[in-house]
Amino acid sequence: MALVPDTLDGKIMFFHVRTGPWAAHAAQIGAAPEVVAELAARVADARAKRVAATTARAAAEAATLELNLAVDALAALGSDVVKQIRAKAATDGDGVYSLAMLPRPAAPSRVPPPGRPDSFAVELRQDGSLRLKWACRNPAGSQGTIYTIARQIGPSDPFVVLGSVGVKSFVDDTLPAGAARVTYQVQAIRSTRAGEIARFAVKFGGAGGAAGGAVFQKAA
């Protein structure tokens, strides 16, 4: 078992509680006073940077939420305009699509919708970000499937879209400090067809919240 913890917060706290006694009893414990003094300075620097990182993550989380809300509002209004254009094209012909710089609606796909993500796995990285992985069985002949990832912090909070990827993995680098449990939502989308939503929870252990380790808890 390692003496010094593996986590960022664990390392900081380990040396923070010891530099004072080490400095006071440097001669008795055989430690060089100048080295202990430098260690204390580095502990202080690390603690300051930890606070700055926590503040930056909170700001990034708030900014991401505002961005997603703004984009959702934009997309909703834009979708209304597209519906109006399609209604006009239905009566006046396809020339409306050319004027509106929109493609004519594609024929419905005969390929079934994408599958439901499963076999989730998580990995808490040293920088505090969380890497998500999953599997998904999609119909034969389907191409261009993307996966939209959303996250819920509290049980009563809304799901906030974090992004979309074309692979079956995603790195969440906006985890709020001190989170005890978060729920992720993953949905496969291809063109206009969407697969069944899958949800899974991640529980964080240790006094440091997310920094204490992540454990996949359950799928819903």
# chains A, B, ... in the order shown; residues from 1 in each chain; ligands from 1
>>> residues_around(residues="Lys11 in chain A", least_positions_apart="2", cutoff="12 Å", atoms="only C-alpha atoms", output="JSON, numbers by chain")
{"A": [2, 3, 4, 5, 6, 7, 8, 9, 13, 14, 15, 16, 17, 18, 42, 43, 46, 47, 50, 126, 208, 211, 212]}
>>> write_last_selection(atoms="N, CA and C atoms", output="JSON list (two decimals), in the first residue's frame")
[["chain", "number", "residue", "atom", "x", "y", "z"],
["A", 2, "ALA", "N", 0.64, 2.16, -0.96],
["A", 2, "ALA", "CA", 1.47, 3.35, -1.09],
["A", 2, "ALA", "C", 1.27, 4.27, 0.11],
["A", 3, "LEU", "N", 2.35, 4.89, 0.53],
["A", 3, "LEU", "CA", 2.28, 5.82, 1.67],
["A", 3, "LEU", "C", 1.58, 7.11, 1.28],
["A", 4, "VAL", "N", 1.96, 7.66, 0.13],
["A", 4, "VAL", "CA", 1.37, 8.90, -0.35],
["A", 4, "VAL", "C", 0.14, 8.56, -1.21],
["A", 5, "PRO", "N", -1.01, 9.18, -0.95],
["A", 5, "PRO", "CA", -2.22, 8.89, -1.73],
["A", 5, "PRO", "C", -2.01, 9.14, -3.22],
["A", 6, "ASP", "N", -2.87, 8.52, -4.03],
["A", 6, "ASP", "CA", -2.77, 8.67, -5.48],
["A", 6, "ASP", "C", -3.53, 9.88, -6.01],
["A", 7, "THR", "N", -4.53, 10.34, -5.27],
["A", 7, "THR", "CA", -5.38, 11.42, -5.78],
["A", 7, "THR", "C", -4.73, 12.78, -5.58],
["A", 8, "LEU", "N", -5.18, 13.75, -6.36],
["A", 8, "LEU", "CA", -4.66, 15.11, -6.24],
["A", 8, "LEU", "C", -4.90, 15.69, -4.85],
["A", 9, "ASP", "N", -6.16, 15.62, -4.39],
["A", 9, "ASP", "CA", -6.47, 16.17, -3.08],
["A", 9, "ASP", "C", -5.78, 15.39, -1.98],
["A", 13, "MET", "N", -3.33, 17.13, 0.83],
["A", 13, "MET", "CA", -3.66, 17.05, 2.26],
["A", 13, "MET", "C", -2.58, 16.28, 3.03],
["A", 14, "PHE", "N", -2.02, 15.24, 2.41],
["A", 14, "PHE", "CA", -1.00, 14.44, 3.08],
["A", 14, "PHE", "C", 0.18, 15.31, 3.53],
["A", 15, "PHE", "N", 0.67, 16.14, 2.61],
["A", 15, "PHE", "CA", 1.83, 16.97, 2.94],
["A", 15, "PHE", "C", 1.42, 18.24, 3.70],
["A", 16, "HIS", "N", 0.20, 18.70, 3.49],
["A", 16, "HIS", "CA", -0.25, 19.91, 4.19],
["A", 16, "HIS", "C", -0.25, 19.70, 5.71],
["A", 17, "VAL", "N", -0.72, 18.54, 6.17],
["A", 17, "VAL", "CA", -0.82, 18.32, 7.61],
["A", 17, "VAL", "C", 0.54, 17.96, 8.23],
["A", 18, "ARG", "N", 1.54, 17.73, 7.40],
["A", 18, "ARG", "CA", 2.83, 17.29, 7.93],
["A", 18, "ARG", "C", 3.94, 18.33, 7.86],
["A", 42, "ARG", "N", 5.48, 24.77, -1.76],
["A", 42, "ARG", "CA", 4.85, 24.07, -2.88],
["A", 42, "ARG", "C", 3.45, 23.57, -2.50],
["A", 43, "VAL", "N", 3.29, 23.18, -1.23],
["A", 43, "VAL", "CA", 1.95, 22.79, -0.76],
["A", 43, "VAL", "C", 1.00, 23.97, -0.87],
["A", 46, "ALA", "N", 0.13, 24.53, -4.45],
["A", 46, "ALA", "CA", -0.79, 23.51, -4.95],
["A", 46, "ALA", "C", -2.21, 23.75, -4.45],
["A", 47, "ARG", "N", -2.32, 24.16, -3.18],
["A", 47, "ARG", "CA", -3.66, 24.43, -2.63],
["A", 47, "ARG", "C", -4.31, 25.61, -3.34],
["A", 50, "ARG", "N", -5.46, 24.44, -6.66],
["A", 50, "ARG", "CA", -6.63, 23.57, -6.53],
["A", 50, "ARG", "C", -7.90, 24.42, -6.40],
["A", 126, "GLN", "N", -6.46, 11.37, -13.91],
["A", 126, "GLN", "CA", -5.72, 12.13, -12.90],
["A", 126, "GLN", "C", -6.04, 13.61, -12.92],
["A", 208, "GLY", "N", -12.90, 13.54, -0.94],
["A", 208, "GLY", "CA", -12.68, 14.56, -1.95],
["A", 208, "GLY", "C", -13.68, 14.56, -3.07],
["A", 211, "ALA", "N", -12.67, 13.56, -6.82],
["A", 211, "ALA", "CA", -11.24, 13.27, -6.78],
["A", 211, "ALA", "C", -10.95, 11.99, -6.02],
["A", 212, "GLY", "N", -11.94, 11.47, -5.29],
["A", 212, "GLY", "CA", -11.70, 10.29, -4.47],
["A", 212, "GLY", "C", -11.85, 8.98, -5.21]]
>>> closest_atom_pairs(of="range 39-88 of chain A", to="range 97-106 of chain A", cutoff="9 Å", atoms="only C-alpha atoms", output="CSV")
residue,atom,partner,partner_atom,distance
A:Val82,CA,A:Leu102,CA,8.5
A:Ile85,CA,A:Tyr97,CA,7.5
A:Arg86,CA,A:Tyr97,CA,7.7
>>> residues_around(residues="range 65-80 of chain A", least_positions_apart="2", cutoff="12 Å", atoms="only C-alpha atoms", output="ChimeraX atom specification")
/A:58-63,82-87,150-153,157-163,174
>>> write_last_selection(atoms="N, CA and C atoms", output="CSV table (one decimal), in the first residue's frame")
chain,number,residue,atom,x,y,z
A,58,ALA,N,-16.3,25.3,-11.9
A,58,ALA,CA,-17.7,25.8,-11.6
A,58,ALA,C,-18.1,26.9,-12.7
A,59,ALA,N,-17.2,27.7,-13.0
A,59,ALA,CA,-17.5,28.7,-14.1
A,59,ALA,C,-17.8,28.1,-15.4
A,60,ALA,N,-17.0,27.1,-15.7
A,60,ALA,CA,-17.1,26.3,-17.0
A,60,ALA,C,-18.5,25.6,-17.0
A,61,GLU,N,-18.9,25.0,-15.9
A,61,GLU,CA,-20.1,24.4,-15.8
A,61,GLU,C,-21.3,25.3,-16.0
A,62,ALA,N,-21.2,26.5,-15.4
A,62,ALA,CA,-22.3,27.5,-15.6
A,62,ALA,C,-22.3,28.0,-17.0
A,63,ALA,N,-21.1,28.3,-17.6
A,63,ALA,CA,-21.1,28.7,-19.0
A,63,ALA,C,-21.6,27.7,-19.9
A,82,VAL,N,-38.3,26.3,-40.0
A,82,VAL,CA,-38.2,25.2,-41.0
A,82,VAL,C,-39.5,24.5,-41.3
A,83,LYS,N,-40.3,24.3,-40.2
A,83,LYS,CA,-41.7,23.8,-40.4
A,83,LYS,C,-42.5,24.7,-41.3
A,84,GLN,N,-42.4,26.0,-41.1
A,84,GLN,CA,-43.2,26.9,-41.9
A,84,GLN,C,-42.8,26.9,-43.4
A,85,ILE,N,-41.4,26.7,-43.6
A,85,ILE,CA,-40.9,26.6,-45.0
A,85,ILE,C,-41.4,25.4,-45.6
A,86,ARG,N,-41.4,24.3,-44.9
A,86,ARG,CA,-41.9,23.0,-45.5
A,86,ARG,C,-43.4,23.0,-45.8
A,87,ALA,N,-44.1,23.7,-44.9
A,87,ALA,CA,-45.6,23.8,-45.2
A,87,ALA,C,-45.8,24.7,-46.4
A,150,ALA,N,-25.7,13.6,-22.2
A,150,ALA,CA,-26.2,14.6,-21.3
A,150,ALA,C,-25.9,14.2,-19.9
A,151,ARG,N,-25.9,15.1,-19.0
A,151,ARG,CA,-25.5,14.8,-17.6
A,151,ARG,C,-26.5,15.5,-16.6
A,152,GLN,N,-26.8,14.8,-15.6
A,152,GLN,CA,-27.7,15.3,-14.5
A,152,GLN,C,-26.8,15.3,-13.2
A,153,ILE,N,-26.7,16.4,-12.5
A,153,ILE,CA,-26.0,16.5,-11.2
A,153,ILE,C,-26.8,16.0,-10.1
A,157,ASP,N,-32.4,17.9,-10.8
A,157,ASP,CA,-31.9,18.8,-11.9
A,157,ASP,C,-32.2,18.3,-13.3
A,158,PRO,N,-32.3,19.2,-14.3
A,158,PRO,CA,-32.5,18.7,-15.6
A,158,PRO,C,-31.2,18.1,-16.2
A,159,PHE,N,-31.4,17.3,-17.2
A,159,PHE,CA,-30.2,16.8,-18.0
A,159,PHE,C,-29.7,17.9,-18.9
A,160,VAL,N,-28.4,18.1,-18.9
A,160,VAL,CA,-27.8,19.1,-19.7
A,160,VAL,C,-26.9,18.4,-20.7
A,161,VAL,N,-27.1,18.8,-22.0
A,161,VAL,CA,-26.3,18.2,-23.1
A,161,VAL,C,-24.9,18.6,-23.0
A,162,LEU,N,-24.0,17.7,-23.0
A,162,LEU,CA,-22.5,18.0,-22.9
A,162,LEU,C,-21.9,18.0,-24.3
A,163,GLY,N,-22.5,17.2,-25.2
A,163,GLY,CA,-21.9,17.2,-26.6
A,163,GLY,C,-22.3,15.9,-27.3
A,174,THR,N,-15.9,18.7,-17.3
A,174,THR,CA,-16.5,19.8,-16.6
A,174,THR,C,-17.2,19.3,-15.3
>>> residues_around(residues="range 185-197 of chain A", least_positions_apart="2", cutoff="6 Å", atoms="only C-alpha atoms", output="JSON, numbers by chain")
{"A": [113, 114, 115, 116, 144, 145, 146, 147, 148, 149, 150, 199]}
>>> closest_residue(among="A:Val122, A:Val165, A:Ala41, A:Ala32", to="Val182 in chain A", atoms="only C-alpha atoms")
A:Val122
>>> residues_around(residues="Lys168 in chain A", least_positions_apart="2", cutoff="8 Å", atoms="only C-alpha atoms", output="PyMOL selection string")
chain A and resi 133-136+147+165-166+170
>>> write_last_selection(atoms="C-alpha atoms", output="short mmCIF file (atom, residue, chain, number, x, y, z; two decimals), in the first residue's frame")
data_model
loop_
_atom_site.label_atom_id
_atom_site.label_comp_id
_atom_site.auth_asym_id
_atom_site.auth_seq_id
_atom_site.Cartn_x
_atom_site.Cartn_y
_atom_site.Cartn_z
CA LYS A 133 -17.25 4.20 -22.65
CA TRP A 134 -20.16 2.13 -23.90
CA ALA A 135 -21.23 -0.40 -26.50
CA CYS A 136 -24.15 -0.10 -28.92
CA TYR A 147 -24.04 9.70 -29.72
CA VAL A 165 -19.47 12.29 -30.68
CA GLY A 166 -19.12 9.81 -33.51
CA PHE A 170 -16.62 10.64 -24.28
#
>>> select_by_dssp(residues="range 9-217 of chain A", states="strand (DSSP E)", output="JSON, numbers by chain")
{"A": [118, 119, 120, 121, 122, 123, 124, 130, 131, 132, 133, 134, 135, 146, 147, 148, 149, 150, 151, 152, 160, 161, 162, 163, 164, 165, 169, 170, 171, 172, 181, 182, 183, 184, 185, 186, 187, 188, 189, 190, 193, 194, 198, 199, 200, 201, 202, 203, 204, 214, 215, 216, 217]}
>>> select_by_dssp(residues="range 44-199 of chain A", states="alpha helix (DSSP H)", output="ChimeraX atom specification")
/A:44-92,95-100
>>> decode(residues="range 57-102 of chain A", atoms="N, CA and C atoms", output="CSV table (one decimal), in the first residue's frame")
chain,number,residue,atom,x,y,z
A,57,ARG,N,-13.7,25.3,-12.9
A,57,ARG,CA,-14.7,24.2,-13.3
A,57,ARG,C,-16.1,24.7,-13.1
A,58,ALA,N,-16.3,25.3,-11.9
A,58,ALA,CA,-17.7,25.8,-11.6
A,58,ALA,C,-18.1,26.9,-12.7
A,59,ALA,N,-17.2,27.7,-13.0
A,59,ALA,CA,-17.5,28.7,-14.1
A,59,ALA,C,-17.8,28.1,-15.4
A,60,ALA,N,-17.0,27.1,-15.7
A,60,ALA,CA,-17.1,26.3,-17.0
A,60,ALA,C,-18.5,25.6,-17.0
A,61,GLU,N,-18.9,25.0,-15.9
A,61,GLU,CA,-20.1,24.4,-15.8
A,61,GLU,C,-21.3,25.3,-16.0
A,62,ALA,N,-21.2,26.5,-15.4
A,62,ALA,CA,-22.3,27.5,-15.6
A,62,ALA,C,-22.3,28.0,-17.0
A,63,ALA,N,-21.1,28.3,-17.6
A,63,ALA,CA,-21.1,28.7,-19.0
A,63,ALA,C,-21.6,27.7,-19.9
A,64,THR,N,-21.3,26.4,-19.7
A,64,THR,CA,-21.8,25.3,-20.5
A,64,THR,C,-23.3,25.2,-20.5
A,65,LEU,N,-23.9,25.4,-19.2
A,65,LEU,CA,-25.3,25.4,-19.1
A,65,LEU,C,-26.0,26.5,-19.8
A,66,GLU,N,-25.4,27.7,-19.7
A,66,GLU,CA,-26.0,28.9,-20.4
A,66,GLU,C,-25.9,28.7,-21.9
A,67,LEU,N,-24.8,28.1,-22.4
A,67,LEU,CA,-24.6,27.9,-23.8
A,67,LEU,C,-25.6,26.9,-24.3
A,68,ASN,N,-25.8,25.8,-23.6
A,68,ASN,CA,-26.8,24.8,-24.0
A,68,ASN,C,-28.2,25.3,-24.0
A,69,LEU,N,-28.6,26.1,-23.0
A,69,LEU,CA,-29.9,26.7,-23.0
A,69,LEU,C,-30.1,27.7,-24.2
A,70,ALA,N,-29.0,28.5,-24.5
A,70,ALA,CA,-29.1,29.4,-25.6
A,70,ALA,C,-29.3,28.6,-27.0
A,71,VAL,N,-28.5,27.5,-27.1
A,71,VAL,CA,-28.6,26.8,-28.4
A,71,VAL,C,-29.9,26.0,-28.5
A,72,ASP,N,-30.4,25.5,-27.3
A,72,ASP,CA,-31.7,24.9,-27.4
A,72,ASP,C,-32.8,25.8,-27.8
A,73,ALA,N,-32.7,27.1,-27.3
A,73,ALA,CA,-33.7,28.1,-27.6
A,73,ALA,C,-33.6,28.4,-29.1
A,74,LEU,N,-32.4,28.6,-29.6
A,74,LEU,CA,-32.1,28.9,-31.0
A,74,LEU,C,-32.7,27.8,-31.9
A,75,ALA,N,-32.4,26.5,-31.5
A,75,ALA,CA,-32.8,25.4,-32.3
A,75,ALA,C,-34.3,25.2,-32.4
A,76,ALA,N,-34.9,25.5,-31.2
A,76,ALA,CA,-36.4,25.4,-31.2
A,76,ALA,C,-37.1,26.4,-32.1
A,77,LEU,N,-36.6,27.7,-32.1
A,77,LEU,CA,-37.1,28.7,-32.9
A,77,LEU,C,-36.8,28.4,-34.4
A,78,GLY,N,-35.6,28.0,-34.6
A,78,GLY,CA,-35.2,27.7,-36.0
A,78,GLY,C,-36.0,26.5,-36.6
A,79,SER,N,-36.3,25.5,-35.7
A,79,SER,CA,-37.2,24.4,-36.2
A,79,SER,C,-38.6,24.9,-36.6
A,80,ASP,N,-39.1,25.9,-35.8
A,80,ASP,CA,-40.4,26.4,-36.2
A,80,ASP,C,-40.4,27.0,-37.6
A,81,VAL,N,-39.3,27.7,-37.9
A,81,VAL,CA,-39.1,28.4,-39.2
A,81,VAL,C,-39.0,27.3,-40.3
A,82,VAL,N,-38.3,26.3,-40.0
A,82,VAL,CA,-38.2,25.2,-41.0
A,82,VAL,C,-39.5,24.5,-41.3
A,83,LYS,N,-40.3,24.3,-40.2
A,83,LYS,CA,-41.7,23.8,-40.4
A,83,LYS,C,-42.5,24.7,-41.3
A,84,GLN,N,-42.4,26.0,-41.1
A,84,GLN,CA,-43.2,26.9,-41.9
A,84,GLN,C,-42.8,26.9,-43.4
A,85,ILE,N,-41.4,26.7,-43.6
A,85,ILE,CA,-40.9,26.6,-45.0
A,85,ILE,C,-41.4,25.4,-45.6
A,86,ARG,N,-41.4,24.3,-44.9
A,86,ARG,CA,-41.9,23.0,-45.5
A,86,ARG,C,-43.4,23.0,-45.8
A,87,ALA,N,-44.1,23.7,-44.9
A,87,ALA,CA,-45.6,23.8,-45.2
A,87,ALA,C,-45.8,24.7,-46.4
A,88,LYS,N,-45.0,25.7,-46.6
A,88,LYS,CA,-45.1,26.5,-47.9
A,88,LYS,C,-44.7,25.7,-49.1
A,89,ALA,N,-43.7,24.9,-49.0
A,89,ALA,CA,-43.2,24.1,-50.1
A,89,ALA,C,-44.2,23.0,-50.5
A,90,ALA,N,-45.0,22.6,-49.5
A,90,ALA,CA,-46.0,21.6,-49.8
A,90,ALA,C,-47.1,22.1,-50.7
A,91,THR,N,-47.3,23.4,-50.7
A,91,THR,CA,-48.3,24.0,-51.5
A,91,THR,C,-47.8,24.7,-52.8
A,92,ASP,N,-46.5,25.2,-52.6
A,92,ASP,CA,-46.0,26.0,-53.8
A,92,ASP,C,-44.9,25.3,-54.5
A,93,GLY,N,-44.5,24.1,-54.1
A,93,GLY,CA,-43.5,23.3,-54.8
A,93,GLY,C,-42.1,23.4,-54.3
A,94,ASP,N,-41.2,22.6,-54.8
A,94,ASP,CA,-39.9,22.4,-54.3
A,94,ASP,C,-39.0,23.7,-54.5
A,95,GLY,N,-39.4,24.6,-55.3
A,95,GLY,CA,-38.6,25.8,-55.5
A,95,GLY,C,-38.5,26.6,-54.2
A,96,VAL,N,-39.4,26.4,-53.3
A,96,VAL,CA,-39.3,27.1,-52.0
A,96,VAL,C,-38.0,26.6,-51.3
A,97,TYR,N,-37.7,25.3,-51.4
A,97,TYR,CA,-36.5,24.8,-50.7
A,97,TYR,C,-35.2,25.5,-51.3
A,98,SER,N,-35.2,25.7,-52.6
A,98,SER,CA,-34.0,26.4,-53.2
A,98,SER,C,-33.9,27.8,-52.6
A,99,LEU,N,-35.0,28.5,-52.5
A,99,LEU,CA,-34.9,29.9,-52.0
A,99,LEU,C,-34.5,29.9,-50.6
A,100,ALA,N,-34.9,28.9,-49.8
A,100,ALA,CA,-34.6,28.9,-48.4
A,100,ALA,C,-33.3,28.2,-48.1
A,101,MET,N,-32.6,27.7,-49.2
A,101,MET,CA,-31.3,27.0,-49.0
A,101,MET,C,-31.5,25.8,-48.1
A,102,LEU,N,-32.5,25.1,-48.3
A,102,LEU,CA,-32.8,23.9,-47.6
A,102,LEU,C,-32.9,22.7,-48.5
